[in-house]
$ cat start_3.csv   # CSV, N, CA and C atoms
chain,number,residue,atom,x,y,z
A,1,MET,N,4.4,13.1,10.3
A,1,MET,CA,4.2,14.5,10.3
A,1,MET,C,5.5,15.2,9.7
A,2,TYR,N,5.3,16.4,9.2
A,2,TYR,CA,6.5,17.1,8.7
A,2,TYR,C,6.2,18.6,8.9
A,3,PHE,N,7.3,19.4,8.9
A,3,PHE,CA,7.2,20.8,8.9
A,3,PHE,C,7.0,21.3,7.5
A,4,ASP,N,5.9,22.2,7.3
A,4,ASP,CA,5.7,22.9,6.0
A,4,ASP,C,6.2,24.3,6.3
A,5,LEU,N,7.4,24.6,5.8
A,5,LEU,CA,8.0,25.9,6.0
A,5,LEU,C,7.8,26.8,4.8
A,6,LYS,N,7.5,28.1,5.2
A,6,LYS,CA,7.3,29.2,4.2
A,6,LYS,C,8.4,30.2,4.5
A,7,TYR,N,9.0,30.7,3.4
A,7,TYR,CA,10.1,31.7,3.6
A,7,TYR,C,9.8,33.0,3.0
A,8,ASP,N,10.4,34.1,3.6
A,8,ASP,CA,10.3,35.4,3.0
A,8,ASP,C,11.3,35.6,2.0
A,9,ARG,N,11.4,36.8,1.4
A,9,ARG,CA,12.4,37.1,0.3
A,9,ARG,C,13.8,37.0,0.8
A,10,GLN,N,14.1,37.2,2.1
A,10,GLN,CA,15.4,37.1,2.6
A,10,GLN,C,15.8,35.7,3.0
A,11,GLY,N,14.9,34.7,2.7
A,11,GLY,CA,15.2,33.3,3.0
A,11,GLY,C,14.9,32.9,4.5
A,12,GLU,N,14.3,33.8,5.2
A,12,GLU,CA,14.0,33.5,6.6
A,12,GLU,C,12.6,32.8,6.7
A,13,VAL,N,12.4,31.9,7.6
A,13,VAL,CA,11.2,31.2,7.9
A,13,VAL,C,10.2,32.2,8.4
A,14,ASN,N,9.0,32.4,7.8
A,14,ASN,CA,8.0,33.3,8.3
A,14,ASN,C,6.7,32.5,8.6
A,15,SER,N,6.7,31.2,8.3
A,15,SER,CA,5.5,30.4,8.6
A,15,SER,C,6.0,29.0,8.7
A,16,LEU,N,5.4,28.3,9.7
A,16,LEU,CA,5.7,26.9,10.0
A,16,LEU,C,4.4,26.2,10.4
A,17,ILE,N,4.1,25.2,9.6
A,17,ILE,CA,2.8,24.4,9.9
A,17,ILE,C,3.2,23.0,10.0
A,18,ILE,N,2.7,22.3,11.0
A,18,ILE,CA,2.9,20.8,11.0
A,18,ILE,C,1.8,20.2,10.2
A,19,ARG,N,2.2,19.4,9.2
A,19,ARG,CA,1.3,18.7,8.3
A,19,ARG,C,1.4,17.2,8.5
A,20,PRO,N,0.3,16.5,8.4
A,20,PRO,CA,0.3,15.1,8.4
A,20,PRO,C,0.9,14.5,7.1
A,21,ASP,N,1.6,13.4,7.2
A,21,ASP,CA,2.1,12.7,6.0
A,21,ASP,C,1.0,11.8,5.5
A,22,ASP,N,1.2,11.1,4.4
A,22,ASP,CA,0.2,10.3,3.8
A,22,ASP,C,-0.3,9.2,4.7
A,23,SER,N,0.4,8.8,5.6
A,23,SER,CA,0.0,7.7,6.5
A,23,SER,C,-0.8,8.2,7.7
A,24,GLU,N,-1.0,9.5,7.9
A,24,GLU,CA,-1.6,10.0,9.0
A,24,GLU,C,-3.0,10.7,8.6
A,25,SER,N,-3.9,10.6,9.5
A,25,SER,CA,-5.2,11.3,9.3
A,25,SER,C,-5.2,12.6,9.9
A,26,PRO,N,-5.5,13.7,9.2
A,26,PRO,CA,-5.6,15.0,9.7
A,26,PRO,C,-6.7,15.1,10.9
A,27,ASP,N,-7.8,14.3,10.7
A,27,ASP,CA,-8.8,14.3,11.7
A,27,ASP,C,-8.3,13.7,13.0
A,28,GLU,N,-7.5,12.6,12.9
A,28,GLU,CA,-7.0,12.0,14.1
A,28,GLU,C,-6.0,12.9,14.8
A,29,LEU,N,-5.1,13.6,14.0
A,29,LEU,CA,-4.1,14.5,14.6
A,29,LEU,C,-4.8,15.7,15.3
A,30,HIS,N,-5.9,16.2,14.7
A,30,HIS,CA,-6.7,17.3,15.2
A,30,HIS,C,-7.3,16.8,16.6
A,31,LYS,N,-7.8,15.6,16.6
A,31,LYS,CA,-8.3,15.0,17.9
A,31,LYS,C,-7.3,15.0,19.0
A,32,TYR,N,-6.1,14.5,18.6
A,32,TYR,CA,-5.0,14.4,19.6
A,32,TYR,C,-4.6,15.8,20.0
A,33,ALA,N,-4.5,16.7,19.1
A,33,ALA,CA,-4.1,18.1,19.5
A,33,ALA,C,-5.0,18.7,20.5
A,34,LYS,N,-6.3,18.3,20.5
A,34,LYS,CA,-7.2,18.8,21.5
A,34,LYS,C,-7.1,18.1,22.9
A,35,MET,N,-6.5,16.9,22.9
A,35,MET,CA,-6.3,16.2,24.1
A,35,MET,C,-4.9,16.4,24.7
A,36,LEU,N,-3.9,16.7,23.9
A,36,LEU,CA,-2.5,16.8,24.4
A,36,LEU,C,-2.2,18.3,24.7
A,37,LEU,N,-2.6,18.7,25.8
A,37,LEU,CA,-2.4,20.1,26.2
A,37,LEU,C,-1.3,20.3,27.2
A,38,VAL,N,-0.5,21.3,27.1
A,38,VAL,CA,0.6,21.6,28.0
A,38,VAL,C,0.2,22.8,28.8
A,39,CYS,N,0.2,22.7,30.1
A,39,CYS,CA,-0.2,23.8,31.0
A,39,CYS,C,0.8,24.9,30.9
A,40,ASN,N,0.3,26.1,31.0
A,40,ASN,CA,1.2,27.3,31.0
A,40,ASN,C,2.1,27.2,32.2
A,41,PRO,N,3.4,27.3,32.0
A,41,PRO,CA,4.4,27.1,33.1
A,41,PRO,C,4.3,28.2,34.2
A,42,ALA,N,3.7,29.3,33.9
A,42,ALA,CA,3.5,30.3,34.9
A,42,ALA,C,2.6,29.8,36.0
A,43,VAL,N,1.6,29.0,35.7
A,43,VAL,CA,0.7,28.4,36.7
A,43,VAL,C,1.5,27.5,37.6
A,44,GLN,N,2.3,26.6,37.1
A,44,GLN,CA,3.1,25.7,38.0
A,44,GLN,C,4.2,26.5,38.8
A,45,PHE,N,4.8,27.5,38.2
A,45,PHE,CA,5.8,28.3,38.9
A,45,PHE,C,5.1,29.0,40.1
A,46,SER,N,4.0,29.6,39.8
A,46,SER,CA,3.3,30.3,40.9
A,46,SER,C,2.9,29.3,42.0
A,47,LYS,N,2.4,28.2,41.7
A,47,LYS,CA,2.1,27.2,42.7
A,47,LYS,C,3.3,26.8,43.5
A,48,ALA,N,4.4,26.6,42.8
A,48,ALA,CA,5.7,26.2,43.5
A,48,ALA,C,6.1,27.3,44.4
A,49,ALA,N,6.0,28.5,44.0
A,49,ALA,CA,6.4,29.7,44.8
A,49,ALA,C,5.5,29.8,46.1
A,50,LYS,N,4.2,29.5,45.9
A,50,LYS,CA,3.3,29.6,47.1
A,50,LYS,C,3.6,28.5,48.1
A,51,ARG,N,4.1,27.3,47.6
A,51,ARG,CA,4.5,26.2,48.5
A,51,ARG,C,5.8,26.5,49.1
A,52,GLY,N,6.5,27.5,48.7
A,52,GLY,CA,7.8,27.8,49.3
A,52,GLY,C,9.0,27.1,48.7
A,53,GLU,N,8.8,26.6,47.5
A,53,GLU,CA,9.9,25.8,46.9
A,53,GLU,C,11.1,26.6,46.5
A,54,PHE,N,10.9,28.0,46.5
A,54,PHE,CA,12.0,28.8,46.1
A,54,PHE,C,12.6,29.6,47.2
A,55,ASN,N,12.2,29.3,48.4
A,55,ASN,CA,12.6,30.1,49.6
A,55,ASN,C,14.1,30.0,49.9
A,56,ASP,N,14.8,29.0,49.4
A,56,ASP,CA,16.2,28.9,49.6
A,56,ASP,C,17.0,29.6,48.6
A,57,TYR,N,16.4,30.2,47.6
A,57,TYR,CA,17.1,31.0,46.6
A,57,TYR,C,17.2,32.5,47.0
A,58,SER,N,18.2,33.1,46.6
A,58,SER,CA,18.4,34.6,46.8
A,58,SER,C,17.3,35.3,46.0
A,59,ASP,N,17.1,36.6,46.3
A,59,ASP,CA,16.2,37.4,45.6
A,59,ASP,C,16.6,37.5,44.1
A,60,ASP,N,17.9,37.6,43.9
A,60,ASP,CA,18.4,37.7,42.5
A,60,ASP,C,18.2,36.4,41.7
A,61,GLU,N,18.4,35.3,42.4
A,61,GLU,CA,18.2,34.0,41.7
A,61,GLU,C,16.7,33.8,41.4
A,62,TYR,N,15.9,34.1,42.4
A,62,TYR,CA,14.5,34.0,42.2
A,62,TYR,C,14.0,34.9,41.0
A,63,SER,N,14.5,36.1,41.0
A,63,SER,CA,14.2,37.0,39.9
A,63,SER,C,14.6,36.5,38.5
A,64,LEU,N,15.7,35.9,38.4
A,64,LEU,CA,16.2,35.3,37.2
A,64,LEU,C,15.2,34.1,36.7
A,65,MET,N,14.9,33.3,37.7
A,65,MET,CA,14.0,32.2,37.4
A,65,MET,C,12.6,32.7,36.9
A,66,LEU,N,12.1,33.7,37.7
A,66,LEU,CA,10.8,34.3,37.4
A,66,LEU,C,10.8,34.9,36.0
A,67,ASN,N,11.8,35.7,35.7
A,67,ASN,CA,11.9,36.4,34.4
A,67,ASN,C,12.0,35.4,33.3
A,68,SER,N,12.7,34.3,33.5
A,68,SER,CA,12.9,33.3,32.4
A,68,SER,C,11.5,32.6,32.1
A,69,VAL,N,10.7,32.3,33.2
A,69,VAL,CA,9.4,31.8,33.0
A,69,VAL,C,8.5,32.8,32.3
A,70,LYS,N,8.6,34.0,32.7
A,70,LYS,CA,7.8,35.1,32.1
A,70,LYS,C,8.1,35.2,30.6
A,71,GLU,N,9.3,35.2,30.2
A,71,GLU,CA,9.7,35.3,28.8
A,71,GLU,C,9.2,34.1,28.0
A,72,PHE,N,9.4,32.9,28.6
A,72,PHE,CA,8.9,31.7,27.9
A,72,PHE,C,7.4,31.7,27.7
A,73,VAL,N,6.7,32.2,28.7
A,73,VAL,CA,5.2,32.3,28.6
A,73,VAL,C,4.9,33.4,27.5
A,74,ARG,N,5.6,34.5,27.5
A,74,ARG,CA,5.3,35.5,26.6
A,74,ARG,C,5.4,35.0,25.1
A,75,LEU,N,6.5,34.2,24.9
A,75,LEU,CA,6.8,33.8,23.6
A,75,LEU,C,5.8,32.6,23.1
A,76,PHE,N,5.5,31.7,24.0
A,76,PHE,CA,4.8,30.5,23.6
A,76,PHE,C,3.4,30.3,24.1
A,77,PHE,N,3.0,31.0,25.1
A,77,PHE,CA,1.7,30.8,25.7
A,77,PHE,C,0.8,32.0,25.7
A,78,GLY,N,1.3,33.2,25.8
A,78,GLY,CA,0.5,34.4,25.9
A,78,GLY,C,-0.3,34.3,27.2
A,79,LYS,N,-1.6,34.6,27.1
A,79,LYS,CA,-2.5,34.5,28.3
A,79,LYS,C,-3.2,33.2,28.3
A,80,ASN,N,-2.9,32.2,27.4
A,80,ASN,CA,-3.6,30.9,27.4
A,80,ASN,C,-3.1,30.1,28.6
A,81,PRO,N,-4.1,29.4,29.2
A,81,PRO,CA,-3.7,28.5,30.3
A,81,PRO,C,-3.1,27.2,29.8
A,82,TYR,N,-3.5,26.9,28.6
A,82,TYR,CA,-3.0,25.6,28.0
A,82,TYR,C,-2.7,25.9,26.5
A,83,VAL,N,-1.7,25.2,25.9
A,83,VAL,CA,-1.4,25.2,24.5
A,83,VAL,C,-1.3,23.7,24.1
A,84,ASN,N,-1.8,23.4,22.9
A,84,ASN,CA,-1.7,22.0,22.5
A,84,ASN,C,-0.2,21.7,22.1
A,85,VAL,N,0.2,20.5,22.3
A,85,VAL,CA,1.6,20.1,22.1
A,85,VAL,C,2.1,20.4,20.7
A,86,PHE,N,1.2,20.2,19.7
A,86,PHE,CA,1.7,20.4,18.3
A,86,PHE,C,1.9,21.9,18.1
A,87,GLN,N,1.0,22.8,18.6
A,87,GLN,CA,1.2,24.2,18.5
A,87,GLN,C,2.4,24.7,19.2
A,88,LEU,N,2.7,24.1,20.4
A,88,LEU,CA,3.9,24.5,21.1
A,88,LEU,C,5.1,24.1,20.3
A,89,LEU,N,5.1,22.9,19.8
A,89,LEU,CA,6.3,22.4,18.9
A,89,LEU,C,6.5,23.3,17.7
A,90,ALA,N,5.4,23.7,17.1
A,90,ALA,CA,5.5,24.5,15.9
A,90,ALA,C,6.0,25.9,16.3
A,91,ASP,N,5.5,26.5,17.3
A,91,ASP,CA,5.9,27.8,17.8
A,91,ASP,C,7.4,27.9,18.2
A,92,MET,N,7.8,26.8,19.0
A,92,MET,CA,9.2,26.8,19.4
A,92,MET,C,10.1,26.6,18.2
A,93,SER,N,9.7,25.7,17.3
A,93,SER,CA,10.5,25.5,16.1
A,93,SER,C,10.7,26.7,15.3
A,94,LYS,N,9.5,27.4,15.1
A,94,LYS,CA,9.6,28.7,14.3
A,94,LYS,C,10.5,29.7,15.0
A,95,TYR,N,10.4,29.8,16.3
A,95,TYR,CA,11.3,30.7,17.1
A,95,TYR,C,12.8,30.3,16.8
A,96,ILE,N,13.1,29.0,16.9
A,96,ILE,CA,14.5,28.6,16.6
A,96,ILE,C,14.9,28.9,15.2
A,97,PHE,N,14.1,28.6,14.3
A,97,PHE,CA,14.4,29.0,12.9
A,97,PHE,C,14.6,30.5,12.7
A,98,GLN,N,13.8,31.3,13.3
A,98,GLN,CA,13.9,32.7,13.1
A,98,GLN,C,15.0,33.4,13.9
A,99,ASN,N,15.5,32.7,15.0
A,99,ASN,CA,16.4,33.4,15.8
A,99,ASN,C,17.8,32.7,15.9
A,100,TYR,N,17.9,31.5,15.5
A,100,TYR,CA,19.2,30.8,15.6
A,100,TYR,C,19.7,30.1,14.3
A,101,CYS,N,18.8,29.7,13.5
A,101,CYS,CA,19.2,28.9,12.3
A,101,CYS,C,19.7,29.8,11.2
A,102,PHE,N,20.8,29.6,10.7
A,102,PHE,CA,21.3,30.2,9.5
A,102,PHE,C,21.5,31.7,9.7
A,103,LYS,N,21.6,32.2,10.9
A,103,LYS,CA,21.9,33.6,11.2
A,103,LYS,C,23.4,33.8,11.1
A,104,ASP,N,23.8,34.8,10.4
A,104,ASP,CA,25.2,35.2,10.3
A,104,ASP,C,26.1,34.0,9.9
A,105,MET,N,25.7,33.2,8.9
A,105,MET,CA,26.4,32.0,8.6
A,105,MET,C,27.8,32.4,8.1
A,106,ASN,N,28.0,33.6,7.6
A,106,ASN,CA,29.3,33.9,7.0
A,106,ASN,C,30.3,34.4,8.1
A,107,LYS,N,29.7,34.6,9.3
A,107,LYS,CA,30.6,35.1,10.4
A,107,LYS,C,31.2,33.9,11.1
A,108,PRO,N,32.4,34.0,11.6
A,108,PRO,CA,33.0,33.0,12.5
A,108,PRO,C,32.1,32.8,13.7
A,109,ASP,N,32.2,31.6,14.3
A,109,ASP,CA,31.3,31.2,15.4
A,109,ASP,C,31.4,32.3,16.6
A,110,ASN,N,32.6,32.8,16.8
A,110,ASN,CA,32.7,33.7,18.0
A,110,ASN,C,32.1,35.1,17.7
A,111,GLU,N,31.7,35.4,16.4
A,111,GLU,CA,31.1,36.7,16.1
A,111,GLU,C,29.6,36.6,15.9
A,112,GLN,N,29.1,35.4,15.9
A,112,GLN,CA,27.6,35.3,15.7
A,112,GLN,C,26.9,35.7,17.0
A,113,GLU,N,25.7,36.3,16.7
A,113,GLU,CA,24.9,36.9,17.8
A,113,GLU,C,23.8,35.9,18.1
A,114,GLY,N,23.4,35.8,19.3
A,114,GLY,CA,22.2,35.0,19.7
A,114,GLY,C,20.9,35.7,19.4
A,115,GLY,N,19.8,34.9,19.4
A,115,GLY,CA,18.5,35.5,19.1
A,115,GLY,C,18.0,36.2,20.3
A,116,SER,N,17.1,37.2,20.1
A,116,SER,CA,16.5,37.9,21.2
A,116,SER,C,15.0,37.8,21.1
A,117,GLY,N,14.4,37.1,20.1
A,117,GLY,CA,13.0,37.1,20.0
A,117,GLY,C,12.4,38.3,19.2
A,118,ASP,N,13.3,39.1,18.7
A,118,ASP,CA,12.8,40.3,18.0
A,118,ASP,C,12.1,39.9,16.7
A,119,ASN,N,12.4,38.7,16.1
A,119,ASN,CA,11.7,38.4,14.9
A,119,ASN,C,10.4,37.7,15.0
A,120,ILE,N,9.9,37.5,16.3
A,120,ILE,CA,8.6,37.0,16.5
A,120,ILE,C,7.6,38.1,16.3
A,121,ASP,N,6.5,37.8,15.5
A,121,ASP,CA,5.5,38.8,15.3
A,121,ASP,C,4.8,39.1,16.6
A,122,GLU,N,4.8,40.3,17.1
A,122,GLU,CA,4.1,40.6,18.4
A,122,GLU,C,2.6,40.4,18.3
A,123,ASP,N,2.0,40.7,17.1
A,123,ASP,CA,0.6,40.6,16.9
A,123,ASP,C,0.2,39.2,16.3
A,124,ASP,N,1.1,38.3,16.3
A,124,ASP,CA,0.9,37.0,15.8
A,124,ASP,C,-0.1,36.3,16.7
A,125,ASP,N,-1.1,35.7,16.2
A,125,ASP,CA,-2.2,35.1,17.0
A,125,ASP,C,-2.1,33.6,17.1
A,126,GLU,N,-0.9,33.1,16.8
A,126,GLU,CA,-0.7,31.6,16.8
A,126,GLU,C,-1.0,31.0,18.1
A,127,ASN,N,-0.8,31.7,19.2
A,127,ASN,CA,-0.9,31.1,20.5
A,127,ASN,C,-2.3,31.2,21.1
A,128,SER,N,-3.3,31.6,20.2
A,128,SER,CA,-4.6,31.7,20.8
A,128,SER,C,-5.2,30.4,21.1
A,129,ASP,N,-6.2,30.4,21.9
A,129,ASP,CA,-6.7,29.2,22.5
A,129,ASP,C,-7.9,28.5,21.7
A,130,ASP,N,-8.3,29.2,20.6
A,130,ASP,CA,-9.4,28.7,19.9
A,130,ASP,C,-9.1,27.5,18.9
A,131,ASP,N,-10.1,26.9,18.5
A,131,ASP,CA,-9.9,25.7,17.6
A,131,ASP,C,-9.3,26.0,16.3
A,132,ASP,N,-9.4,27.3,15.8
A,132,ASP,CA,-8.9,27.6,14.5
A,132,ASP,C,-7.4,27.3,14.4
A,133,ASP,N,-6.6,27.5,15.4
A,133,ASP,CA,-5.2,27.2,15.4
A,133,ASP,C,-4.9,25.8,15.0
A,134,THR,N,-5.6,24.9,15.6
A,134,THR,CA,-5.4,23.5,15.3
A,134,THR,C,-5.9,23.2,13.9
A,135,ASP,N,-7.0,23.8,13.5
A,135,ASP,CA,-7.4,23.5,12.2
A,135,ASP,C,-6.4,24.0,11.1
A,136,ASP,N,-5.8,25.2,11.4
A,136,ASP,CA,-4.8,25.7,10.5
A,136,ASP,C,-3.6,24.9,10.5
A,137,MET,N,-3.2,24.4,11.7
A,137,MET,CA,-2.0,23.7,11.8
A,137,MET,C,-2.0,22.4,11.0
A,138,PHE,N,-3.2,21.8,10.9
A,138,PHE,CA,-3.3,20.5,10.2
A,138,PHE,C,-4.1,20.7,9.0
A,139,ALA,N,-3.8,21.8,8.2
A,139,ALA,CA,-4.5,22.0,7.0
A,139,ALA,C,-4.2,21.0,5.9
$ encode --input "start_3.csv" --output "structure tokens"
Amino acid sequence: MYFDLKYDRQGEVNSLIIRPDDSESPDELHKYAKMLLVCNPAVQFSKAAKRGEFNDYSDDEYSLMLNSVKEFVRLFFGKNPYVNVFQLLADMSKYIFQNYCFKDMNKPDNEQEGGSGDNIDEDDDENSDDDDDTDDMFA
């Protein structure tokens, strides 16, 4: 497999699709994508909280953990209970490209800014749960 990257006029990645190489069958990868599902981490976090696994943490520590899970879910799962592993890889890679790769390359390391997720399209439907995502991903 390989990343098929599309760039905008400023040279930033605006599309990332995982494509099969010549030795891989798109149909086989599509089949695996439907089987290899990653559970929304908010579900596991909630179950752990109900079991009392966070009782030893302060309110501030718990709040930090909860907010980090919420942000991760917002970026990569939306309201989906599951995302296939290939879509998750593509979305996470796109996020890294858009927020961390080649940003401020002319600035010294101590002046570079970290990503905030501002470059992710809010109305981007890549995290939807329907089969079209997998079909598009392995076009």
$ atom_distance --input "start_3.csv" --atom1 "atom CA of A:Tyr82" --atom2 "atom CA of A:Val43"
9.9 Å
$ atom_distance --input "start_3.csv" --atom1 "atom CA of A:Leu5" --atom2 "atom CA of A:Ile17"
6.7 Å
$ residues_around --input "start_3.csv" --residues "A:Val13" --least-positions-apart "5" --cutoff "6 Å" --atoms "only N, CA and C atoms" --output "PyMOL selection string"
chain A and resi 6-8+97-98
$ closest_atom_pairs --input "start_3.csv" --of "stretch 7-39 of chain A" --to "stretch 89-94 of chain A" --cutoff "12 Å" --atoms "only C-alpha atoms" --output "tab-separated table"
residue	atom	partner	partner_atom	distance
A:Tyr7	CA	A:Lys94	CA	11.1
A:Glu12	CA	A:Lys94	CA	10.1
A:Val13	CA	A:Lys94	CA	7.1
A:Asn14	CA	A:Lys94	CA	7.7
A:Ser15	CA	A:Lys94	CA	7.2
A:Leu16	CA	A:Lys94	CA	6.1
A:Ile17	CA	A:Ala90	CA	6.6
A:Ile18	CA	A:Ala90	CA	6.7
A:Arg19	CA	A:Ala90	CA	10.4
A:Ala33	CA	A:Leu89	CA	11.3
A:Leu36	CA	A:Leu89	CA	11.8
A:Leu37	CA	A:Leu89	CA	11.6
A:Val38	CA	A:Leu89	CA	10.8
$ atom_distance --input "start_3.csv" --atom1 "atom N of A:Leu29" --atom2 "atom N of A:Asn80"
23.0 Å
$ residues_around --input "start_3.csv" --residues "A:Leu66" --least-positions-apart "5" --cutoff "9 Å" --atoms "only C-alpha atoms" --output "PDB file with N, CA and C atoms, in the coordinates of the input"
ATOM      1  N   ALA A  42       3.700  29.300  33.900  1.00  0.00           N
ATOM      2  CA  ALA A  42       3.500  30.300  34.900  1.00  0.00           C
ATOM      3  C   ALA A  42       2.600  29.800  36.000  1.00  0.00           C
ATOM      4  N   PHE A  45       4.800  27.500  38.200  1.00  0.00           N
ATOM      5  CA  PHE A  45       5.800  28.300  38.900  1.00  0.00           C
ATOM      6  C   PHE A  45       5.100  29.000  40.100  1.00  0.00           C
ATOM      7  N   GLU A  61      18.400  35.300  42.400  1.00  0.00           N
ATOM      8  CA  GLU A  61      18.200  34.000  41.700  1.00  0.00           C
ATOM      9  C   GLU A  61      16.700  33.800  41.400  1.00  0.00           C
ATOM     10  N   GLU A  71       9.300  35.200  30.200  1.00  0.00           N
ATOM     11  CA  GLU A  71       9.700  35.300  28.800  1.00  0.00           C
ATOM     12  C   GLU A  71       9.200  34.100  28.000  1.00  0.00           C
TER      13      GLU A  71
END
